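Q: Sharing a structure with you now.
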There are 2 protein chains.
Amino acid sequence: MQNGTQTLLLELFVIFVAAKLGGELFERLKMPAVLGEILAGVVFGPYAIGWVVPTPTVLSIAELGAIFLLFTVGLETRPKDLLKVGREATAVALGGIALPFIFGFGYMALANHPVHESTFVAAAMVATSVGITARVLRDLDALNTIAAKIILGAAVIDDVIGMILLAFVVGLVSVGGVRWLQLVVLAAEAIAFSFFMLFVAPRVMRRVSPNIGRLSTHNPQLILALTICLGLSVAAEKIGLAAIIGAFFAGLTFSDFSPRWNLQPRVEAINEFLAPFFFFTMGARLNLNVLTPDLVVAAAVISVLAIVAKILGCGLPVYGRGREIAMQVGVGMTPRGEVGLIVALIGLQMNMISASAYAIVIFMTAATTMFAPPILRVLFNRRGVSRSKSVVVSQLEGIADLRTGVAGPGAGEGKVESAE
Amino acid sequence: MQNGTQTLLLELFVIFVAAKLGGELFERLKMPAVLGEILAGVVFGPYAIGWVVPTPTVLSIAELGAIFLLFTVGLETRPKDLLKVGREATAVALGGIALPFIFGFGYMALANHPVHESTFVAAAMVATSVGITARVLRDLDALNTIAAKIILGAAVIDDVIGMILLAFVVGLVSVGGVRWLQLVVLAAEAIAFSFFMLFVAPRVMRRVSPNIGRLSTHNPQLILALTICLGLSVAAEKIGLAAIIGAFFAGLTFSDFSPRWNLQPRVEAINEFLAPFFFFTMGARLNLNVLTPDLVVAAAVISVLAIVAKILGCGLPVYGRGREIAMQVGVGMTPRGEVGLIVALIGLQMNMISASAYAIVIFMTAATTMFAPPILRVLFNRRGVSRSKSVVVSQLEGIADLRTGVAGPGAGEGKVESAE
């Protein structure tokens with residue numbers, strides 16, 4: 001043990017510090033921290049400096065990190081809020097799925113990549129990162145704008161559909177071709193699972209929740225949430241979906257109880273500890289040797305397609321609200337993230353995509369994620385002047401806001417809407 | 001990955017649920033939850049039902065659990081409080097170390113066990129479980145009594161000296177005999193490390209702490225705490241101590257900042273997730289095939305010795321305060337816990353103790369831990385009547401207590417003292 005643990009702990013320490021330093025650096029450059037954590041993996045990983053060659057145990061911890069990441073995302077998503085912006089967000093989501101998939105698959109297929117590889121890359125182009133987008137919007141203090149609400153709703157729908165798509169793709173390649181019966185069964189299971197989690201599970205929770213406090217166990221609510229998170233991750237995999245889909249739905253189920261049970265900061269703490277291992281190892285898997293000029297060109301083209309496809313696919317459905325909101329929504333939907341990375345990772349682990357296709361996806365994720373924040377800052381800053389006006393108004397309107405927390409959801413909604 | 005992760009997640013899910021159900025069962029029986037978690041490991045582990053055969057990854061996660069367990073314990077221990085009860089607690093601690101070690105080593109040596117095995121078992125008999133004792137005292141609402149303060153102070157000193165003792169024992173067996181120079185170097189390192197952590201680190205923290213909020217990283221205080229926890233664990237192992245000693249000292253360093261930075265609930269969340277894997281795998285390692293009548297007798301004798309040695313060794317130094325407090329302190333010090341288990345585990349992993357000696361330690365830990373709570377309930381309940389009186393007094397004395405939180409450390413000190 002002495003040796004085994006020491007190596008493991010040392011490895012975990014180096015990864016944690018490297019990832020967090022990378023994140024801090026990127027935050028200071030006004031870039032999303034996750035990119036810094038991924039870059040740390042690239043730099044210190046086996047294909048560059050080579051200080052860290054992730055062991056199977058670290059990779060397992062990294063996958064636990066992905067599960068808690070999606071659990072946290074689910075926990076921060078209210079199903080009700082989703083259903084409220086329902087129709088518009090769904091239209092945006094569908095546009096943001098169809099176009100990137102068609103563009104991505106088309107380009108990859110034209111470039112003579114095998115069908116399954118083209119499918120995986122196209123699937124990785126579909127999902128929008130709720131986490132990164134929400135973070136940028138929060139930093140811009142724009143979470144209560146109409147555009148933000150549509151973006152967040154659509155991003156979540158994107159993630160759900162992206163993961164169902166992943167289930168299809170995995171089913172497709174794991175049966176070695178299109179076996180329609182199997183795909184139909186899988187689709188039925190995925191839909192039944194989603195339906196159960198969105199409509200039945202919340203009712204069960206409402207029934208069960210008052211009794212949880214009666215358990216003698218310490219922190220019963222947290223324990224229940226962790227149990228359901230692990231259980232649904234296992235269940236999702238059992239029926240052929242990705243474990244993270246289960247974790248995401250588990251978070252969704254608990255999101256209504258999160259404030260009362262103080263779940264969010266505690267689950268986020270677990271996430272803060274585990275997620276860096278996920279992002280670091282994502283970077284560490286990037287084989288820099290495949291970076292030929294051809295590949296860089298392909299990655300650049302895919303990245304541009306990924307951006308254009310989201311701006312068009314997501315902007316057009318809300319064009320009725322004016323060009324500004326259409327642009328905000330379109331650009332806000334561009335950052336790919338966790339789900340796209342996980343699609344690529346699963347493809348790599350199943351030997352379904354080559355190291356170069358994996359590199360393309362990482363590059364595309366980084367490019368789309370770096371593209372969005374500065375543009376969003378410009379697009380939302382037009383509100384800057386009106387916002388400083390509205391602060392005065394709100395100060396006059398009442399001090400109550402200050403006590404209930406102005407940053408809370410719903411607060412300040414009126415100001416922002418009138419400012420637009 | 002599909003298969004690998006699925007097996008891992010399923011294993012984690014089964015362990016987590018089994019451990020938590022075992023804990024819940026024991027809580028309802030008014031027994032410490034950890035025993036239920038360990039028993040779950042015995043029952044579902046490879047030597048009984050065999051549903052769970054812990055993989056190397058799960059064992060690594062379990063060891064991370066031990067690290068966060070001791071980090072949490074450290075976080076809940078104020079160095080100042082330790083120094084306050086200083087002299088008396090130190091006397092109690094030393095008595096509680098010397099007698100169990102002598103009794104344990106004596107019996108094992110007389111029973112013809114090899115020297116290194118006798119040493120390991122004796123070392124496992126030394127440490128007092130801060131966690132279990134504190135939990136029982138908290139349940140009894142007795143945390144503010146003089147006896148409780150002495151117990152907690154002494155238990156922490158016990159843990160620290162127990163771990164230094166472990167370092168000696170590991171050093172002793174890993175060099176294949178007593179090499180005095182090496183032992184002296186190790187002892188000097190251990191003392192220097194402890195000294196640094198107790199006296200220098202808090203000053204460094206006080207200097208650094210105001211600047212931490214300036215970091216751009218999300219949750220900078222938590223990230224710093226996790227970094228230091230991992231870093232000191234690695235450092236402790238590098239100099240030949242156990243990783244958990246580093247984790248414990250890391251917790252100690254942050255304990256003063258824990259309330260302001262809201263660290264405790266967040267680190268405890270990580271601990272709630274990871275610790276069950278530690279306790280479960282502790283139980284799963286218990287080979288039931290070694291349970292011969294002879295072994296049961298030996299385990300029973302060791303358990304009785306472990307109890308008597310602590311009652312005498314810890315009770316006598318405070319006999320001057322009266323027989324009641326002496327008994328409370330003596331019994332309160334009997335539960336062994338994490339550190340004792342870890343000593344046994346390290347012995348097992350280094351092939352320094354046999355499966356039967358490991359079984360003896362597990363049995364002794366369970367017996368001492370089950371012995372204390374009911375007796376403590378009787379010993380502290382004599383205060384029951386006087387406490388209900390003092391509630392009235394405190395209600396008259398002031399409402400301020402209610403606002404600052406009556407349960408807080410220091411609050412209600414006067415009442416309890418006068419009630420004794």
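Ligands are numbered from 1 in the order shown, residues from 1 within each chain, and chains are lettered A, B, ... in the order they appear in the structure tokens.
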Excluding Ala18 (chain A) and residues on its chain fewer than 5 positions from it, collect all residues at most 12 Å away from it, counting only C-alpha atoms, and give them as a VMD selection string.

A: (chain A and resid 11 to 13 23 to 25 36 to 45 51 to 52 276 to 277 279 to 281 283 to 284) or (chain B and resid 227)

Q: For those residues, write N, CA and C atoms to a file as a short mmCIF file (atom, residue, chain, number, x, y, z; two decimals), in the first residue's frame.

A:
data_model
loop_
_atom_site.label_atom_id
_atom_site.label_comp_id
_atom_site.auth_asym_id
_atom_site.auth_seq_id
_atom_site.Cartn_x
_atom_site.Cartn_y
_atom_site.Cartn_z
N GLU A 11 -0.10 11.48 -7.75
CA GLU A 11 -0.71 11.71 -9.07
C GLU A 11 -1.93 12.63 -8.93
N LEU A 12 -2.78 12.32 -7.95
CA LEU A 12 -3.98 13.13 -7.74
C LEU A 12 -3.59 14.57 -7.40
N PHE A 13 -2.56 14.71 -6.56
CA PHE A 13 -2.12 16.04 -6.14
C PHE A 13 -1.63 16.85 -7.35
N GLY A 23 -6.88 26.49 -14.68
CA GLY A 23 -8.18 27.14 -14.58
C GLY A 23 -8.05 28.59 -14.14
N GLU A 24 -7.20 28.81 -13.12
CA GLU A 24 -6.99 30.17 -12.61
C GLU A 24 -6.43 31.08 -13.71
N LEU A 25 -5.45 30.54 -14.44
CA LEU A 25 -4.84 31.31 -15.53
C LEU A 25 -5.90 31.72 -16.55
N GLY A 36 -8.73 25.81 -19.29
CA GLY A 36 -7.43 25.78 -18.63
C GLY A 36 -7.15 24.42 -18.03
N GLU A 37 -8.19 23.79 -17.47
CA GLU A 37 -8.01 22.47 -16.87
C GLU A 37 -7.71 21.43 -17.94
N ILE A 38 -8.40 21.54 -19.09
CA ILE A 38 -8.11 20.61 -20.19
C ILE A 38 -6.70 20.83 -20.71
N LEU A 39 -6.33 22.11 -20.87
CA LEU A 39 -5.00 22.43 -21.39
C LEU A 39 -3.90 21.91 -20.46
N ALA A 40 -4.15 22.00 -19.14
CA ALA A 40 -3.18 21.45 -18.19
C ALA A 40 -2.95 19.98 -18.47
N GLY A 41 -4.05 19.27 -18.81
CA GLY A 41 -3.93 17.85 -19.14
C GLY A 41 -3.11 17.62 -20.40
N VAL A 42 -3.33 18.50 -21.39
CA VAL A 42 -2.55 18.38 -22.62
C VAL A 42 -1.07 18.58 -22.31
N VAL A 43 -0.78 19.64 -21.54
CA VAL A 43 0.62 20.02 -21.30
C VAL A 43 1.35 18.98 -20.44
N PHE A 44 0.72 18.58 -19.31
CA PHE A 44 1.42 17.67 -18.39
C PHE A 44 1.18 16.20 -18.72
N GLY A 45 0.29 15.94 -19.67
CA GLY A 45 -0.05 14.57 -20.02
C GLY A 45 1.04 13.85 -20.78
N TRP A 51 4.58 14.40 -17.34
CA TRP A 51 4.67 14.24 -15.88
C TRP A 51 3.60 13.30 -15.36
N VAL A 52 2.45 13.31 -16.00
CA VAL A 52 1.32 12.50 -15.52
C VAL A 52 0.84 11.57 -16.63
N PRO A 276 -12.00 18.25 -11.76
CA PRO A 276 -10.70 18.54 -12.37
C PRO A 276 -10.02 17.30 -12.95
N PHE A 277 -10.26 16.14 -12.33
CA PHE A 277 -9.64 14.92 -12.85
C PHE A 277 -10.24 14.55 -14.20
N PHE A 279 -11.58 16.78 -16.47
CA PHE A 279 -11.11 17.69 -17.52
C PHE A 279 -9.63 17.47 -17.83
N PHE A 280 -8.84 17.25 -16.78
CA PHE A 280 -7.40 17.03 -16.99
C PHE A 280 -7.17 15.79 -17.87
N THR A 281 -7.83 14.69 -17.52
CA THR A 281 -7.59 13.46 -18.30
C THR A 281 -8.14 13.58 -19.72
N GLY A 283 -7.80 16.21 -21.49
CA GLY A 283 -6.67 16.82 -22.18
C GLY A 283 -5.51 15.85 -22.35
N ALA A 284 -5.29 15.03 -21.32
CA ALA A 284 -4.16 14.11 -21.34
C ALA A 284 -4.31 13.04 -22.42
N THR B 227 -6.43 21.24 -1.93
CA THR B 227 -5.05 21.16 -2.40
C THR B 227 -4.11 20.85 -1.23
#

Q: Counting only C-alpha atoms, what is within 12 Å of Lys80 (chain B), bar same-chain residues fewer than 2 positions away, as a VMD selection string?

A: chain B and resid 76 to 78 82 to 86 153 198 to 199 202 252 to 253 255 to 256

Q: Identify all chain B residues at most 6 Å from chain A by counting only C-alpha atoms; ligands do not count. Present them as a PyMOL selection string.

A: chain B and resi 10+13+24+27+57+216-217+230+234+266+269-270

Q: Tell me, as a compact mmCIF listing (two decimals) with N, CA and C atoms, in the first residue's frame, which residues lie within 12 Å of Pro374 (chain B), counting only C-alpha atoms; anything in the same chain fewer than 3 positions away does not count.

A:
# COMPACT_ATOMS: atom_id res chain seq x y z
N LEU B 29 -30.59 1.12 16.41
CA LEU B 29 -30.29 0.31 17.60
C LEU B 29 -29.46 1.11 18.61
N LYS B 30 -29.32 2.42 18.36
CA LYS B 30 -28.54 3.32 19.23
C LYS B 30 -27.06 2.93 19.27
N MET B 31 -26.59 2.39 18.16
CA MET B 31 -25.17 2.02 18.04
C MET B 31 -24.52 2.95 17.01
N PRO B 32 -23.20 3.15 17.09
CA PRO B 32 -22.55 4.01 16.09
C PRO B 32 -22.74 3.46 14.67
N THR B 133 -16.50 9.01 19.54
CA THR B 133 -16.69 9.59 20.86
C THR B 133 -17.44 10.92 20.76
N VAL B 136 -21.13 10.40 19.99
CA VAL B 136 -21.92 9.92 21.12
C VAL B 136 -22.15 11.05 22.11
N LEU B 137 -21.10 11.82 22.41
CA LEU B 137 -21.24 12.93 23.36
C LEU B 137 -22.20 13.98 22.83
N ASP B 139 -24.73 13.40 20.78
CA ASP B 139 -26.07 12.84 20.91
C ASP B 139 -26.57 12.97 22.35
N LEU B 140 -25.66 12.86 23.31
CA LEU B 140 -26.04 12.97 24.72
C LEU B 140 -26.12 14.42 25.17
N GLN B 328 -16.34 8.69 33.56
CA GLN B 328 -16.79 9.26 32.28
C GLN B 328 -15.63 9.35 31.29
N VAL B 331 -14.35 5.66 30.29
CA VAL B 331 -15.24 4.98 29.35
C VAL B 331 -15.29 5.73 28.03
N GLY B 332 -15.31 7.07 28.13
CA GLY B 332 -15.37 7.88 26.91
C GLY B 332 -14.18 7.65 26.00
N PRO B 335 -13.68 3.80 22.84
CA PRO B 335 -13.91 3.40 21.45
C PRO B 335 -12.69 3.61 20.57
N THR B 368 -15.04 -2.43 21.58
CA THR B 368 -14.85 -1.20 22.36
C THR B 368 -15.84 -0.13 21.94
N THR B 369 -16.16 -0.12 20.64
CA THR B 369 -17.05 0.92 20.14
C THR B 369 -18.49 0.67 20.55
N MET B 370 -18.87 -0.63 20.66
CA MET B 370 -20.23 -0.95 21.07
C MET B 370 -20.38 -0.83 22.59
N PHE B 371 -19.27 -1.00 23.30
CA PHE B 371 -19.29 -0.95 24.76
C PHE B 371 -19.59 0.46 25.26
N ARG B 377 -24.16 6.68 28.19
CA ARG B 377 -25.51 7.19 28.36
C ARG B 377 -25.89 7.16 29.84
N VAL B 378 -25.55 6.06 30.51
CA VAL B 378 -25.85 5.94 31.94
C VAL B 378 -25.02 6.95 32.73
N LEU B 379 -23.71 7.01 32.43
CA LEU B 379 -22.81 7.87 33.21
C LEU B 379 -23.16 9.35 33.09
N PHE B 380 -23.58 9.77 31.89
CA PHE B 380 -23.86 11.19 31.69
C PHE B 380 -25.30 11.53 32.05
N ASN B 381 -26.16 10.52 32.12
CA ASN B 381 -27.57 10.82 32.35
C ASN B 381 -27.86 11.29 33.77

Q: Near region 114-129 of chain A, within 7 Å and counting only C-alpha atoms, which residues show up once chain neighbours fewer than 3 positions away are dropped, as a tab-separated table (two decimals) with N, CA, C and O atoms, in the first residue's frame?

A:
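Wrote around_31.tsv, looks like this:
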chain	number	residue	atom	x	y	z
A	96	GLY	N	-30.57	23.67	-33.19
A	96	GLY	CA	-29.18	23.54	-32.77
A	96	GLY	C	-28.68	22.10	-32.78
A	96	GLY	O	-27.50	21.85	-32.55
A	97	ILE	N	-29.59	21.19	-33.00
A	97	ILE	CA	-29.18	19.79	-33.11
A	97	ILE	C	-29.06	19.41	-34.58
A	97	ILE	O	-28.06	18.84	-35.01
A	100	PRO	N	-25.93	21.39	-36.77
A	100	PRO	CA	-24.57	20.90	-36.49
A	100	PRO	C	-24.39	19.44	-36.89
A	100	PRO	O	-23.33	19.06	-37.42
A	101	PHE	N	-25.40	18.62	-36.68
A	101	PHE	CA	-25.25	17.21	-37.03
A	101	PHE	C	-25.09	17.06	-38.54
A	101	PHE	O	-24.19	16.37	-39.02
A	104	GLY	N	-21.70	18.61	-39.65
A	104	GLY	CA	-20.58	17.80	-39.19
A	104	GLY	C	-20.50	16.49	-39.95
A	104	GLY	O	-19.43	16.11	-40.46
A	105	PHE	N	-21.62	15.80	-40.03
A	105	PHE	CA	-21.62	14.51	-40.71
A	105	PHE	C	-21.27	14.71	-42.18
A	105	PHE	O	-20.45	13.97	-42.74
A	108	MET	N	-17.45	15.46	-42.60
A	108	MET	CA	-16.63	14.29	-42.30
A	108	MET	C	-16.80	13.22	-43.37
A	108	MET	O	-15.84	12.57	-43.79
A	109	ALA	N	-18.03	13.02	-43.81
A	109	ALA	CA	-18.28	11.99	-44.81
A	109	ALA	C	-17.63	12.39	-46.14
A	109	ALA	O	-17.01	11.57	-46.82
A	132	ILE	N	-20.85	25.91	-19.10
A	132	ILE	CA	-20.05	27.04	-19.55
A	132	ILE	C	-20.94	28.22	-19.88
A	132	ILE	O	-20.69	29.35	-19.47
A	133	THR	N	-22.02	27.95	-20.61
A	133	THR	CA	-22.92	29.04	-21.00
A	133	THR	C	-23.49	29.74	-19.77
A	133	THR	O	-23.47	30.97	-19.66
A	155	ALA	N	-30.31	24.66	-24.07
A	155	ALA	CA	-29.07	23.93	-23.82
A	155	ALA	C	-29.36	22.63	-23.08
A	155	ALA	O	-28.75	21.59	-23.36
A	158	ASP	N	-30.93	20.30	-25.47
A	158	ASP	CA	-29.81	19.82	-26.30
A	158	ASP	C	-29.04	18.70	-25.62
A	158	ASP	O	-28.69	17.70	-26.25
A	159	ASP	N	-28.74	18.90	-24.33
A	159	ASP	CA	-27.97	17.90	-23.61
A	159	ASP	C	-28.74	16.59	-23.55
A	159	ASP	O	-28.19	15.51	-23.77
A	162	GLY	N	-28.89	15.24	-26.97
A	162	GLY	CA	-27.53	14.85	-27.31
A	162	GLY	C	-27.18	13.50	-26.69
A	162	GLY	O	-26.54	12.65	-27.32
A	165	LEU	N	-29.06	10.82	-28.41
A	165	LEU	CA	-28.35	10.61	-29.67
A	165	LEU	C	-27.11	9.74	-29.45
A	165	LEU	O	-26.82	8.82	-30.22
A	166	LEU	N	-26.41	10.03	-28.35
A	166	LEU	CA	-25.23	9.22	-28.02
A	166	LEU	C	-25.62	7.77	-27.82
A	166	LEU	O	-24.94	6.86	-28.31
A	169	VAL	N	-26.02	6.30	-31.14
A	169	VAL	CA	-24.75	6.09	-31.83
A	169	VAL	C	-24.02	4.88	-31.24
A	169	VAL	O	-23.50	4.03	-31.96
A	173	VAL	N	-23.12	1.48	-33.25
A	173	VAL	CA	-21.81	0.90	-33.53
A	173	VAL	C	-21.60	-0.39	-32.76
A	173	VAL	O	-20.90	-1.29	-33.22
A	306	ALA	N	-19.16	24.24	-36.71
A	306	ALA	CA	-19.86	24.06	-35.43
A	306	ALA	C	-20.43	25.39	-34.95
A	306	ALA	O	-21.53	25.43	-34.40
A	333	MET	N	-25.42	29.62	-27.70
A	333	MET	CA	-25.54	28.17	-27.82
A	333	MET	C	-24.28	27.51	-28.38
A	333	MET	O	-24.21	26.28	-28.45
A	334	THR	N	-23.28	28.30	-28.77
A	334	THR	CA	-22.13	27.67	-29.44
A	334	THR	C	-21.22	26.83	-28.55
A	334	THR	O	-20.70	25.82	-29.02
A	335	PRO	N	-20.97	27.19	-27.27
A	335	PRO	CA	-19.95	26.41	-26.55
A	335	PRO	C	-20.37	24.96	-26.38
A	335	PRO	O	-21.42	24.66	-25.83
A	336	ARG	N	-19.54	24.07	-26.86
A	336	ARG	CA	-19.75	22.64	-26.58
A	336	ARG	C	-19.05	22.36	-25.26
A	336	ARG	O	-18.20	23.13	-24.81
A	337	GLY	N	-19.37	21.26	-24.64
A	337	GLY	CA	-18.71	21.02	-23.37
A	337	GLY	C	-18.71	19.56	-23.01
A	337	GLY	O	-18.46	18.70	-23.84
A	338	GLU	N	-19.02	19.31	-21.73
A	338	GLU	CA	-18.96	17.99	-21.14
A	338	GLU	C	-19.51	16.91	-22.06
A	338	GLU	O	-18.86	15.91	-22.34
A	339	VAL	N	-20.75	17.13	-22.52
A	339	VAL	CA	-21.42	16.05	-23.25
A	339	VAL	C	-20.69	15.74	-24.56
A	339	VAL	O	-20.45	14.58	-24.89
A	340	GLY	N	-20.30	16.81	-25.26
A	340	GLY	CA	-19.56	16.60	-26.49
A	340	GLY	C	-18.26	15.85	-26.23
A	340	GLY	O	-17.90	14.91	-26.96
A	341	LEU	N	-17.57	16.26	-25.15
A	341	LEU	CA	-16.31	15.59	-24.79
A	341	LEU	C	-16.56	14.13	-24.46
A	341	LEU	O	-15.77	13.25	-24.84
A	343	VAL	N	-19.00	12.23	-25.54
A	343	VAL	CA	-19.27	11.49	-26.78
A	343	VAL	C	-17.94	11.08	-27.42
A	343	VAL	O	-17.75	9.92	-27.78
A	344	ALA	N	-17.02	12.05	-27.51
A	344	ALA	CA	-15.73	11.75	-28.13
A	344	ALA	C	-14.97	10.69	-27.33
A	344	ALA	O	-14.36	9.77	-27.90
A	347	GLY	N	-16.37	7.32	-27.89
A	347	GLY	CA	-15.95	6.87	-29.22
A	347	GLY	C	-14.52	6.36	-29.21
A	347	GLY	O	-14.20	5.32	-29.79
A	352	MET	N	-14.00	3.51	-31.86
A	352	MET	CA	-14.90	3.87	-32.95
A	352	MET	C	-14.45	5.13	-33.64
A	352	MET	O	-14.90	5.45	-34.73
A	353	ILE	N	-13.60	5.93	-32.97
A	353	ILE	CA	-13.01	7.07	-33.67
A	353	ILE	C	-11.50	7.01	-33.49
A	353	ILE	O	-11.00	6.47	-32.52
A	361	VAL	N	-12.39	16.78	-32.23
A	361	VAL	CA	-13.47	17.12	-31.30
A	361	VAL	C	-12.96	18.02	-30.16
A	361	VAL	O	-13.60	19.00	-29.80

Q: How far is it from CA of Cys314 (chain A) to CA of Pro373 (chain A), in Å with one decimal?

A: 16.8 Å

Q: Pick the closest to Ala187 (chain A) from A:Ala154, A:Met205, A:Ile239, A:Ala148: which is it, counting only C-alpha atoms?

A: A:Ile239

Q: Which is closer to Pro79 (chain A) than all the others in A:Phe248, A:Ile15, A:Pro54, A:Ile102, using only C-alpha atoms?

A: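 Counting only C-alpha atoms, the residue closest to Pro79 (chain A) is A:Phe248.
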
Q: Please, what distance in Å, to one decimal, runs between CA of Gln221 (chain A) and CA of Val73 (chain A)?

A: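 Atom-to-atom, CA of Gln221 (chain A) to CA of Val73 (chain A), that is 18.1 Å.
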
Q: CA of Leu35 (chain B) and CA of Lys310 (chain B) are how many Å apart?

A: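 Between these atoms lies a distance of 20.0 Å.
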
Q: I'd like to know which residues of region 112-161 of chain B are helix (DSSP H, G or I) (by DSSP, run on the backbone); could you write them as a VMD selection string?

A: chain B and resid 115 to 124 130 to 139 146 to 161

Q: Please identify all polymer residues within 12 Å of Gly315 (chain A), counting only C-alpha atoms, omitting same-chain residues fewer than 5 positions from it, and present them as a ChimeraX atom specification.

A: /A:88-89,91-96,99,147,150-151,154,307-310,320-334
